[in-house]
Structure formats: structure tokens, C-alpha cells
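Asks: My structure file query00.csv, CSV, C-alpha atoms and all ligand atoms, is below:
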```csv
chain,number,residue,atom,x,y,z
A,151,MET,CA,-51.1,132.6,117.3
A,152,ARG,CA,-48.8,134.8,119.3
A,153,ASN,CA,-49.9,136.1,122.7
A,154,PRO,CA,-50.3,139.9,122.1
A,155,ARG,CA,-48.9,140.5,125.6
A,156,ASP,CA,-45.5,139.2,124.3
A,157,PHE,CA,-45.4,141.4,121.3
A,158,GLY,CA,-43.4,144.1,123.1
A,159,LYS,CA,-41.0,141.7,124.8
A,160,PRO,CA,-37.5,141.1,123.5
A,161,LEU,CA,-37.1,137.8,121.6
A,162,ALA,CA,-33.7,137.0,123.3
A,163,ILE,CA,-32.5,137.4,126.9
A,164,GLY,CA,-30.5,140.6,127.1
A,165,ALA,CA,-31.8,142.1,123.9
A,166,PRO,CA,-33.4,145.6,123.9
A,167,GLU,CA,-37.1,146.0,124.0
A,168,PRO,CA,-38.7,146.2,120.5
A,169,PRO,CA,-40.0,149.6,119.6
A,170,SER,CA,-43.6,150.5,120.2
A,171,GLU,CA,-43.7,153.1,117.5
A,172,ILE,CA,-41.7,153.6,114.3
A,173,PRO,CA,-39.9,157.0,114.2
A,174,PHE,CA,-40.6,159.1,111.1
A,175,LYS,CA,-37.4,161.0,110.3
A,176,PRO,CA,-36.5,162.6,107.0
A,177,SER,CA,-36.6,159.7,104.5
A,178,ARG,CA,-36.9,161.2,101.0
A,179,MET,CA,-34.1,159.1,99.5
A,180,ILE,CA,-32.3,155.9,100.4
A,181,HIS,CA,-29.0,156.4,98.7
A,182,PHE,CA,-27.4,153.1,97.6
A,183,LEU,CA,-23.6,152.7,97.7
A,184,ASP,CA,-21.4,149.7,97.1
A,185,PHE,CA,-18.6,150.1,99.7
A,186,SER,CA,-16.5,147.4,98.1
A,187,ASN,CA,-15.4,150.3,96.0
A,188,GLU,CA,-12.8,152.3,97.9
A,189,LYS,CA,-13.8,155.5,96.0
A,190,MET,CA,-17.3,155.2,97.3
A,191,VAL,CA,-16.1,154.9,100.8
A,192,ALA,CA,-13.9,158.0,100.3
A,193,LYS,CA,-17.0,160.0,99.0
A,194,VAL,CA,-19.1,159.3,102.1
A,195,PRO,CA,-18.2,162.6,104.0
A,196,ASP,CA,-19.3,164.6,100.9
A,197,ILE,CA,-22.4,162.5,100.1
A,198,ALA,CA,-23.8,161.9,103.6
A,199,PRO,CA,-24.9,165.5,104.3
A,200,THR,CA,-26.8,165.6,101.0
A,201,VAL,CA,-29.0,162.5,101.7
A,202,ASP,CA,-31.5,161.5,104.3
A,203,ILE,CA,-30.5,157.8,104.4
A,204,LEU,CA,-27.2,156.2,103.3
A,205,LEU,CA,-27.4,152.5,102.5
A,206,GLY,CA,-24.5,150.0,102.2
A,207,ASN,CA,-25.6,147.6,99.6
A,208,LEU,CA,-24.5,144.0,100.0
A,209,GLU,CA,-27.0,142.3,97.7
A,210,ASP,CA,-27.7,142.4,93.9
A,211,ALA,CA,-25.4,144.8,91.9
A,212,VAL,CA,-22.5,143.8,94.1
A,213,PRO,CA,-20.5,141.1,92.3
A,214,VAL,CA,-20.0,137.7,94.0
A,215,ASP,CA,-16.3,138.2,94.4
A,216,ARG,CA,-16.8,141.6,96.1
A,217,LYS,CA,-19.5,140.6,98.6
A,218,GLU,CA,-17.0,140.4,101.5
A,219,ALA,CA,-15.3,143.6,100.5
A,220,ALA,CA,-18.7,145.4,100.4
A,221,ARG,CA,-19.4,144.1,104.0
A,222,GLU,CA,-16.0,145.3,105.2
A,223,GLY,CA,-16.4,148.7,103.5
A,224,LEU,CA,-19.8,149.1,105.2
A,225,ILE,CA,-18.2,148.3,108.6
A,226,ARG,CA,-15.5,150.8,108.0
A,227,VAL,CA,-18.0,153.5,107.2
A,228,GLY,CA,-20.0,152.6,110.3
A,229,LYS,CA,-16.9,152.7,112.5
A,230,GLU,CA,-15.0,155.6,111.1
A,231,MET,CA,-17.3,158.1,109.4
A,232,GLU,CA,-19.2,160.9,111.0
A,233,LEU,CA,-22.7,160.9,109.5
A,234,SER,CA,-24.3,163.4,111.7
A,235,GLU,CA,-28.1,163.1,111.3
A,236,THR,CA,-28.0,160.9,108.2
A,237,GLN,CA,-29.2,157.4,108.9
A,238,LEU,CA,-27.0,154.4,108.0
A,239,TRP,CA,-28.8,151.4,106.7
A,240,ALA,CA,-27.6,148.0,105.3
A,241,ARG,CA,-29.2,145.9,102.5
A,242,VAL,CA,-28.1,142.4,103.4
A,243,ASN,CA,-28.2,139.5,100.9
A,244,SER,CA,-31.4,137.5,100.6
A,245,LEU,CA,-32.4,134.9,103.1
A,246,GLU,CA,-31.6,131.9,100.9
A,247,SER,CA,-28.2,133.2,99.9
A,248,PRO,CA,-24.9,131.8,101.3
A,249,TRP,CA,-23.9,135.3,102.6
A,250,VAL,CA,-26.8,136.5,104.6
A,251,LEU,CA,-25.9,134.8,107.9
A,252,ASP,CA,-22.4,136.4,107.9
A,253,ASP,CA,-23.9,139.7,106.7
A,254,LEU,CA,-26.2,139.9,109.7
A,255,THR,CA,-23.8,138.5,112.3
A,256,THR,CA,-21.0,140.8,111.2
A,257,VAL,CA,-22.9,144.0,110.7
A,258,VAL,CA,-24.9,143.7,113.9
A,259,THR,CA,-22.0,142.8,116.1
A,260,GLU,CA,-19.5,145.3,114.6
A,261,ILE,CA,-21.7,148.4,113.9
A,262,GLY,CA,-25.1,147.6,115.3
A,263,ASP,CA,-24.9,150.7,117.4
A,264,ARG,CA,-24.5,152.9,114.2
A,265,LEU,CA,-27.1,151.1,112.0
A,266,GLU,CA,-30.7,152.0,112.2
A,267,VAL,CA,-32.4,149.7,109.7
A,268,VAL,CA,-31.6,146.4,108.1
A,269,MET,CA,-33.2,146.0,104.6
A,270,ILE,CA,-34.2,142.4,103.8
A,271,PRO,CA,-34.6,141.6,100.1
A,272,LYS,CA,-37.2,139.2,98.5
A,273,VAL,CA,-39.4,138.9,101.6
A,274,GLU,CA,-42.1,136.4,100.8
A,275,GLY,CA,-44.2,136.2,104.0
A,276,PRO,CA,-44.2,136.8,107.8
A,277,TRP,CA,-42.0,133.7,108.3
A,278,ASP,CA,-39.1,135.6,106.8
A,279,ILE,CA,-39.5,138.5,109.2
A,280,HIS,CA,-39.9,136.1,112.2
A,281,TYR,CA,-36.6,134.5,111.3
A,282,VAL,CA,-34.8,137.8,111.1
A,283,ASP,CA,-36.6,139.1,114.2
A,284,ARG,CA,-35.3,136.3,116.5
A,285,LEU,CA,-31.8,136.3,114.9
A,286,LEU,CA,-31.5,140.1,115.4
A,287,ALA,CA,-32.5,139.8,119.0
A,288,GLN,CA,-29.9,137.1,119.6
A,289,LEU,CA,-27.2,139.2,117.9
A,290,GLU,CA,-28.3,142.4,119.7
A,291,ALA,CA,-27.9,140.6,123.0
A,292,LYS,CA,-24.5,139.3,122.0
A,293,ALA,CA,-23.4,142.7,121.0
A,294,GLY,CA,-24.8,144.4,124.1
A,295,LEU,CA,-26.9,146.8,122.0
A,296,GLU,CA,-29.3,149.2,123.8
A,297,ARG,CA,-31.3,150.2,120.8
A,298,PRO,CA,-33.3,147.7,118.7
A,299,LEU,CA,-32.5,147.5,115.0
A,300,LEU,CA,-35.4,148.0,112.7
A,301,VAL,CA,-36.4,145.9,109.7
A,302,HIS,CA,-37.3,147.0,106.2
A,303,ALA,CA,-38.7,144.5,103.7
A,304,ILE,CA,-38.3,144.7,99.9
A,305,LEU,CA,-41.5,143.8,98.2
A,306,GLU,CA,-40.3,142.1,95.1
A,307,THR,CA,-41.9,138.7,94.7
A,308,SER,CA,-45.4,137.8,93.8
A,309,LEU,CA,-45.8,135.8,97.0
A,310,GLY,CA,-44.6,138.9,98.9
A,311,VAL,CA,-47.3,141.0,97.3
A,312,VAL,CA,-49.9,138.3,98.2
A,313,ASN,CA,-48.7,138.4,101.9
A,314,LEU,CA,-48.2,142.2,102.2
A,315,GLU,CA,-50.4,142.8,105.2
A,316,GLU,CA,-49.0,139.9,107.2
A,317,ILE,CA,-45.4,141.1,106.4
A,318,ALA,CA,-46.2,144.6,107.6
A,319,THR,CA,-47.5,143.4,110.9
A,320,ALA,CA,-45.0,140.5,111.4
A,321,SER,CA,-42.9,142.2,114.0
A,322,PRO,CA,-42.8,145.5,116.0
A,323,ARG,CA,-39.4,146.0,114.4
A,324,MET,CA,-41.0,146.4,110.9
A,325,GLN,CA,-40.0,150.0,109.9
A,326,GLY,CA,-41.2,150.0,106.3
A,327,MET,CA,-41.2,148.4,102.9
A,328,SER,CA,-39.7,149.3,99.5
A,329,PHE,CA,-41.2,148.4,96.2
A,330,GLY,CA,-38.8,146.4,94.0
A,331,PRO,CA,-40.0,146.5,90.4
A,332,ALA,CA,-37.1,144.6,88.9
A,333,ASP,CA,-37.3,141.4,90.8
A,334,LEU,CA,-41.0,141.7,91.0
A,335,ALA,CA,-41.3,141.8,87.2
A,336,ALA,CA,-39.1,138.6,87.0
A,337,SER,CA,-41.1,136.9,89.7
A,338,ARG,CA,-44.3,137.6,88.0
A,339,ARG,CA,-43.0,136.7,84.5
A,340,MET,CA,-43.8,140.2,83.2
A,341,LYS,CA,-42.3,140.6,79.8
A,342,THR,CA,-40.1,143.5,80.5
A,343,THR,CA,-36.4,144.2,80.8
A,344,ARG,CA,-36.6,147.5,82.8
A,345,VAL,CA,-36.1,148.6,86.4
A,346,GLY,CA,-39.3,150.6,87.2
A,347,GLY,CA,-41.2,153.1,85.1
A,348,GLY,CA,-43.8,152.5,82.5
A,349,HIS,CA,-43.6,150.5,79.2
A,350,PRO,CA,-44.6,151.7,75.7
A,351,GLY,CA,-46.6,148.5,75.2
A,352,TYR,CA,-48.7,148.8,78.4
A,353,ARG,CA,-51.4,151.3,77.4
A,354,VAL,CA,-55.0,152.3,76.9
A,355,ILE,CA,-56.6,153.3,73.6
A,356,SER,CA,-59.8,155.1,72.6
A,357,ASP,CA,-62.5,153.3,70.6
A,358,PRO,CA,-62.3,153.6,66.8
A,359,ASP,CA,-64.4,156.4,65.3
A,360,PRO,CA,-67.4,154.7,63.7
A,361,ASP,CA,-67.5,157.3,60.9
A,362,ASP,CA,-63.7,157.1,60.3
A,363,PRO,CA,-62.4,153.7,61.5
A,364,GLU,CA,-59.0,154.3,60.0
A,365,ALA,CA,-58.4,157.7,61.8
A,366,PRO,CA,-55.6,157.7,64.4
A,367,ARG,CA,-56.9,156.9,67.9
A,368,GLN,CA,-55.8,158.5,71.2
A,369,THR,CA,-53.6,156.3,73.3
A,370,ALA,CA,-51.5,156.7,76.4
A,371,GLN,CA,-49.1,154.6,78.5
A,372,GLN,CA,-50.5,153.2,81.8
A,373,ASP,CA,-48.7,152.7,85.0
A,374,PRO,CA,-48.1,148.9,85.5
A,375,TRP,CA,-47.2,149.3,89.2
A,376,HIS,CA,-50.1,151.4,90.4
A,377,TYR,CA,-52.1,148.5,92.0
A,378,SER,CA,-49.3,147.0,93.9
A,379,ILE,CA,-47.8,150.3,95.2
A,380,GLY,CA,-51.3,151.2,96.3
A,381,ARG,CA,-51.6,147.9,98.2
A,382,MET,CA,-48.2,148.4,99.8
A,383,VAL,CA,-49.1,151.9,100.9
A,384,ASP,CA,-52.3,150.6,102.6
A,385,ALA,CA,-50.5,147.7,104.2
A,386,CYS,CA,-47.7,150.0,105.6
A,387,THR,CA,-49.8,152.9,106.7
A,388,SER,CA,-52.4,150.7,108.4
A,389,ALA,CA,-49.5,149.1,110.4
A,390,GLY,CA,-47.8,152.4,111.3
A,391,ILE,CA,-44.8,151.8,109.1
A,392,LEU,CA,-43.3,153.6,106.1
A,393,PRO,CA,-43.8,152.8,102.4
A,394,PHE,CA,-41.0,153.7,99.8
A,395,TYR,CA,-40.8,153.4,96.1
A,396,GLY,CA,-37.6,151.5,95.1
A,397,PRO,CA,-35.2,151.9,92.1
A,398,TYR,CA,-35.5,153.6,88.8
A,399,GLY,CA,-32.9,152.0,86.5
A,400,ASP,CA,-32.7,154.4,83.6
A,401,ILE,CA,-30.4,157.0,85.1
A,402,LYS,CA,-30.4,159.2,82.0
A,403,ASP,CA,-34.2,159.4,82.0
A,404,VAL,CA,-34.6,162.1,84.7
A,405,GLN,CA,-38.1,163.0,83.6
A,406,GLY,CA,-39.2,159.3,83.7
A,407,CYS,CA,-37.7,159.0,87.2
A,408,GLU,CA,-39.3,162.1,88.4
A,409,THR,CA,-42.7,161.0,87.1
A,410,GLN,CA,-42.4,157.6,88.8
A,411,PHE,CA,-41.2,159.1,92.1
A,412,ARG,CA,-44.1,161.7,92.0
A,413,ALA,CA,-46.7,159.0,91.4
A,414,ALA,CA,-45.4,157.2,94.4
A,415,PHE,CA,-45.3,160.4,96.5
A,416,LEU,CA,-48.9,161.2,95.7
A,417,LEU,CA,-50.0,157.7,96.6
A,418,GLY,CA,-48.4,158.0,100.0
A,419,CYS,CA,-44.8,156.8,99.7
A,420,VAL,CA,-42.3,158.8,101.9
A,421,GLY,CA,-39.3,158.4,99.7
A,422,ALA,CA,-37.5,156.4,97.0
A,423,TRP,CA,-34.1,154.8,96.3
A,424,SER,CA,-31.4,156.9,94.6
A,425,LEU,CA,-28.9,154.9,92.6
A,426,HIS,CA,-27.0,157.9,91.2
A,427,PRO,CA,-26.3,161.5,92.5
A,428,VAL,CA,-28.7,162.9,89.9
A,429,GLN,CA,-31.6,160.9,91.6
A,430,ILE,CA,-30.8,162.4,95.0
A,431,GLU,CA,-31.9,165.8,93.6
A,432,ILE,CA,-35.0,164.3,92.0
A,433,ALA,CA,-36.0,162.6,95.2
A,434,LYS,CA,-35.4,165.8,97.2
A,435,LYS,CA,-37.6,167.8,94.8
A,436,VAL,CA,-40.4,165.2,94.7
A,437,PHE,CA,-40.6,164.1,98.3
A,438,SER,CA,-40.4,167.5,99.8
A,439,PRO,CA,-44.0,168.8,99.6
A,440,PRO,CA,-44.5,171.6,97.0
A,441,VAL,CA,-44.3,175.1,98.5
A,442,ASP,CA,-47.7,176.2,97.2
A,443,GLU,CA,-49.4,173.2,98.7
A,444,VAL,CA,-47.7,173.7,102.0
A,445,LEU,CA,-48.7,177.4,102.1
A,446,PHE,CA,-52.3,176.5,101.2
A,447,ALA,CA,-52.3,173.8,103.9
A,448,LYS,CA,-51.0,176.3,106.5
A,449,LYS,CA,-53.8,178.6,105.5
A,450,VAL,CA,-56.4,175.8,106.1
A,451,LEU,CA,-54.9,175.0,109.5
A,452,ASP,CA,-54.9,178.7,110.5
A,453,ALA,CA,-58.5,179.2,109.3
A,454,ILE,CA,-59.9,176.2,111.1
A,455,PRO,CA,-58.0,175.9,114.3
A,456,ASP,CA,-60.2,173.2,115.8
A,457,GLY,CA,-60.5,171.3,112.5
A,458,ARG,CA,-64.3,171.3,112.6
A,459,GLY,CA,-67.2,172.4,110.4
A,460,VAL,CA,-67.3,173.4,106.8
A,461,HIS,CA,-65.4,176.4,105.4
A,462,MET,CA,-64.6,177.9,102.0
A,463,ILE,CA,-61.0,178.8,101.5
A,464,ASP,CA,-59.9,180.2,98.0
A,465,GLY,CA,-63.2,178.8,96.7
A,466,LYS,CA,-62.5,175.3,97.9
A,467,MET,CA,-64.6,173.4,100.4
A,468,GLN,CA,-62.8,172.5,103.6
A,469,ASP,CA,-63.9,170.2,106.4
A,470,ASP,CA,-62.5,167.7,108.9
A,471,ALA,CA,-61.0,165.5,106.2
A,472,THR,CA,-59.2,168.3,104.3
A,473,PHE,CA,-58.0,169.6,107.7
A,474,LYS,CA,-56.4,166.2,108.3
A,475,GLN,CA,-54.8,166.3,104.8
A,476,ALA,CA,-53.5,169.8,105.5
A,477,LYS,CA,-52.0,168.5,108.8
A,478,VAL,CA,-50.2,165.7,107.0
A,479,MET,CA,-48.7,168.2,104.5
A,480,VAL,CA,-47.7,170.7,107.2
A,481,SER,CA,-46.2,168.1,109.6
A,482,LEU,CA,-44.0,166.7,106.8
A,483,ALA,CA,-42.9,170.2,105.8
A,484,GLU,CA,-42.1,171.1,109.4
A,485,MET,CA,-40.0,168.0,109.8
A,486,LEU,CA,-38.0,168.6,106.6
A,487,ALA,CA,-37.6,172.3,107.5
A,488,HIS,CA,-35.6,171.3,110.6
A,489,LYS,CA,-33.1,169.6,108.3
A,490,ASP,CA,-33.1,172.0,105.4
A,491,SER,CA,-33.0,175.8,106.0
A,492,GLU,CA,-33.8,176.6,102.3
A,493,LEU,CA,-37.0,174.6,102.7
A,494,ALA,CA,-37.8,176.3,106.0
A,495,GLU,CA,-37.6,179.6,104.3
A,496,ALA,CA,-39.7,178.6,101.3
A,497,TYR,CA,-42.4,177.1,103.6
A,498,GLY,CA,-42.3,180.3,105.7
A,499,PHE,CA,-41.3,178.7,109.0
A,500,ALA,CA,-39.3,180.8,111.5
A,501,PRO,CA,-35.6,180.1,111.4
A,502,GLU,CA,-34.2,177.9,114.2
A,503,PRO,CA,-32.6,179.8,117.0
A,504,VAL,CA,-28.8,179.6,116.8
A,505,GLY,CA,-26.8,178.2,119.7
B,1,LIG,C1,-34.9,146.0,93.7
B,1,LIG,O1,-34.2,145.3,94.4
B,1,LIG,C2,-35.7,145.5,92.6
B,1,LIG,O2,-35.5,144.3,92.4
B,1,LIG,O3,-36.4,146.2,91.9
B,2,MG,MG,-34.2,143.3,93.8
```
The structure in this file should be written as C-alpha cells.
Replies:
Amino acid sequence: MRNPRDFGKPLAIGAPEPPSEIPFKPSRMIHFLDFSNEKMVAKVPDIAPTVDILLGNLEDAVPVDRKEAAREGLIRVGKEMELSETQLWARVNSLESPWVLDDLTTVVTEIGDRLEVVMIPKVEGPWDIHYVDRLLAQLEAKAGLERPLLVHAILETSLGVVNLEEIATASPRMQGMSFGPADLAASRRMKTTRVGGGHPGYRVISDPDPDDPEAPRQTAQQDPWHYSIGRMVDACTSAGILPFYGPYGDIKDVQGCETQFRAAFLLGCVGAWSLHPVQIEIAKKVFSPPVDEVLFAKKVLDAIPDGRGVHMIDGKMQDDATFKQAKVMVSLAEMLAHKDSELAEAYGFAPEPVG
């Protein structure tokens, strides 16, 4: 057991104090780029203003012979590129890999002051976070950093799902989690070859008609990820950290991607990964709350200023609980409106004063 009094103390002499709260900034999409590719590095000034989070990927999808180039490219982006309010994150290689120690050592000492979050793949339990926690503190002290780095875990092994709650609370650095359906499917021995989304074989079917047993029966695909995403959302929100849906691999299937993202949004996820520019737009559309819902939520807040009692608005019952839902919706809309003037106008917020 760890003494709770020590929870807010640095884990290395000279490291910054761990955060007491996780900031909630615009987080609708974590855009993945492989900076071993010079062309991707050159595109950063154009892409950065269009995304909330830009992530240098060092792990899967980066070929073994380009691992070091991806790390060097990320460091170049951190050192040389102006990203304004867009957050810069890194996905390092997994903890059992031969690259992760150099990934962490290099990125923290070289660009630790520019990075906000380090994404750790294939986290299996709190012990993985404890290892990263102490190592980051040592590296922060070595680099003389004043702001602590935050840690984001990918939930992509069955053991990780079993240990969700303990992972979410393993360190005050825990910023959030992403759901990784591809590795999770492999770890669980699910019989699929996809990255996220449904499967035509996973479905429900109505009973046969006793009077006409041969008649076609209604059937529909089911969501194979629902249970685990729901558990992730509970583990994260109960710990004050942020849940994200991960990748959707079928880039051409924009409708499938939008449906998967929206299911995650409605369950409580704040954003998803974008693997291609087309998915940036999908994430922006899905994870910015719908205008009609925001306008209705504003109406609820205006009508019940103290959030108490029972009221009817547009024929719908409103009470303390719906007031709180309306607050969630309006707070998110307000935060996004600061970043996006089109959204501010659509939501009916006054324009920001210039100058
Ligand atoms: C993401 O890394 C996944 O495995 O789905
Ligand atoms: Mg993975």
C-alpha cells in the first residue's frame, strides 16, 4: 500500500510535483503521424491547426528499420515547429520492446518541455504505470523540467481490461486511456481481422415465426466493443481522467467510422484517434456536441438557474439530473467554442473580444 500523503510528491529528487487534476482541453481527435516520413514532418504546419492533438507514433505501424527515424522526426517537430494550442503527444513503443527505454529517455530529455502526454501501449496493470511513473520522474529531474508529463494508457490486452480500475488510479500522472480494438482482439483470440467497428457475424436475430418457420427473420449487427468501452469510461471518469476511442482501420468506410465514433461519444468518450485526414473531419463532427442539443441544454440551464426542482421544457421533464447533463453539454460546447469560431457562432456564444 502506498501512503496517500505521498501521492502528490515527486518520485525523484528535482522532478516537478505530479498534477492534482487532469486538465480537460479540446481532445476530439488524436491525429497519428509517422515522423520517420519527411513528407509528414513537412505537413505539420498545415495539419496542426486542424487537430486538437498531434501524436508522433513510434510503435506499431512504424517499420522496425524506421523506429529511430520516427523518434528523430518527432524530436525535430518538437524542437522546430510552432504548434500553437495544439497538444503534442508521443506514442512510445511497448514496455517489453527493445526501443522503449531509448524512446522515453530521448523524447523526455530532448523535447519534454514541448510534450504534454506520453501514450503507453499494451498496459496490463498498475505495475506498468508505476514503472513509467518513476522513470519519467527521473528523466524530468535530469532534463530540469518544470511541468510534469502526463501518461495515457492504451487498453488493448485482456489483462489490461481486467485491471482497468487499478490502471486508471495507478498514478496522479494518468491523463486518460484509449481503447485499442486491434490488439485487444488478438489478445482475446477474437476471430476477426479488423481494426474496430462491428462484424457481420456478430448479431442478434428474432425468433422464427411459429406459423411460418421458413420466413425471413429480422437480424442486426451488434457492437462487440460496447461492454469494454463502457467499463473504460467508468474507470476513467471515476478517476477524473479522460476516455478515448482508438483507431478505425477501414479508412474508406467513413460511415462505419462515424458510427463507431458516435457510439463512443454517446457513452462518454471525449475523442478518438484519426489515422487519415478524412477521419479528422469525422471526429470533429462527432465529438463536438450537436448544435440542437447544445441549444436545448442552454435553454434548460437558463430555465433552472439553481438546478433544483422539477420543470417541463418543450414537453420534457427536467430535474437536478437533467440539469447536470445540460451542464456537461454546455461546458464542452463552451470549451470548443474558444477554439473554433464557427462552432461558437452555431452554439450562439458571443464572439471573443479581439485584441
Ligand atoms: C491500437 O493500437 C490497437 O491495437 O487497436
Ligand atoms: Mg495496438
Asks: Taking all atoms listed in the file into account, list the residues no farther than 9 Å from ligand LIG 1 (chain B), as a list in words.
Replies: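 Every residue with an atom at most 9 Å from ligand LIG 1 (chain B) is listed here: Glu209, Asp210, Pro271, Lys272, Ile304, Leu305, Glu306, Thr307, Ser328, Phe329, Gly330, Pro331, Ala332, Asp333, Leu334, Ala335, Ala336, Val345, Gly346, Gly396, Pro397, Tyr398 and Gly399 of chain A.
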Asks: Choose the residue, out of A:Ser244, A:Ala192, A:Ala291, A:Leu309, that has the smallest atom-to-atom separation from A:Glu230; count only C-alpha atoms.
Replies: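 Using only C-alpha atoms, A:Glu230 sits closest to A:Ala192.
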Asks: Please return, as a list in words, all polymer residues that have at least one atom within 8 Å of the point (-38.1, 157.7, 97.9); use all atoms listed in the file and the file's own coordinate frame.
Replies: Ser177, Arg178, Met179, Ile180, Phe394, Tyr395, Gly396, Phe411, Phe415, Cys419, Val420, Gly421, Ala422, Trp423, Ser424, Ala433 and Phe437 of chain A
Asks: Would you mind telling me which residue in A:Asp490, A:His280, A:Gln371, A:Ile270 lies nearest to ligand MG 2 (chain B) when using all atoms listed in the file?
Replies: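 The closest residue to ligand MG 2 (chain B) is A:Ile270.
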Asks: Measure the distance from atom CA of A:Glu315 to atom CA of A:Phe182 in Å and round it to one decimal.
Replies: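 Between these atoms lies a distance of 26.3 Å.
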Asks: Nearest residue to ligand MG 2 (chain B) out of A:Arg241, A:Arg152, A:Lys229, A:Arg323, using only C-alpha atoms and all ligand atoms?
Replies: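 For ligand MG 2 (chain B), the nearest of the given residues is A:Arg241.
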Asks: Quick one: distance from atom CA of A:Glu296 to atom CA of A:Val227 in Å, one decimal?
Replies: 20.5 Å
Asks: From the options A:Pro168, A:Gly380, A:Gly223, A:Pro173, which residue's atoms come nearest to A:Asn187, counting all atoms listed in the file?
Replies: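 Ranking A:Pro168, A:Gly380, A:Gly223, A:Pro173 by distance to A:Asn187, first place goes to A:Gly223.
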Asks: For a test of reading the model, state the distance in Å between atom CA of A:Thr259 and atom CA of A:Glu290, rounded to one decimal.
Replies: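 Calculated distance between atom CA of A:Thr259 and atom CA of A:Glu290 is 7.3 Å.
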Asks: For each of A:Gly459, A:Gly465, A:Pro195, A:Pro322, take the minimum atom-to-atom distance to A:Ala389, counting all atoms listed in the file, then give the residue where this is smallest.
Replies: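 When distances to A:Ala389 are compared using all atoms listed in the file, the smallest one comes from A:Pro322.
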Asks: Give me the residues within 12 Å of A:Gly390 as a VMD selection string, counting only C-alpha atoms and dropping any in the same chain fewer than 5 places off.
Replies: chain A and resid 169 to 174 315 318 to 319 321 to 327 383 to 385
Asks: Would you pick out the contacts of A:Leu205 at 6 Å or less, using all atoms listed in the file, so that residues sharing its chain but fewer than 3 positions from it are not included, and give the list as an mmCIF file with C-alpha atoms, keeping the file's coordinate frame?
Replies:
```cif
data_model
loop_
_atom_site.group_PDB
_atom_site.id
_atom_site.type_symbol
_atom_site.label_atom_id
_atom_site.label_comp_id
_atom_site.auth_asym_id
_atom_site.auth_seq_id
_atom_site.Cartn_x
_atom_site.Cartn_y
_atom_site.Cartn_z
ATOM 1 C CA HIS A 181 -29.000 156.400 98.700
ATOM 2 C CA PHE A 182 -27.400 153.100 97.600
ATOM 3 C CA LEU A 238 -27.000 154.400 108.000
ATOM 4 C CA TRP A 239 -28.800 151.400 106.700
ATOM 5 C CA ALA A 240 -27.600 148.000 105.300
#
```
Asks: Restricting the calculation to only C-alpha atoms: of A:Ile163, A:Leu417, A:Val267, A:Leu486, which residue gets closest to A:Lys292?
Replies: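 The closest residue to A:Lys292 is A:Ile163.
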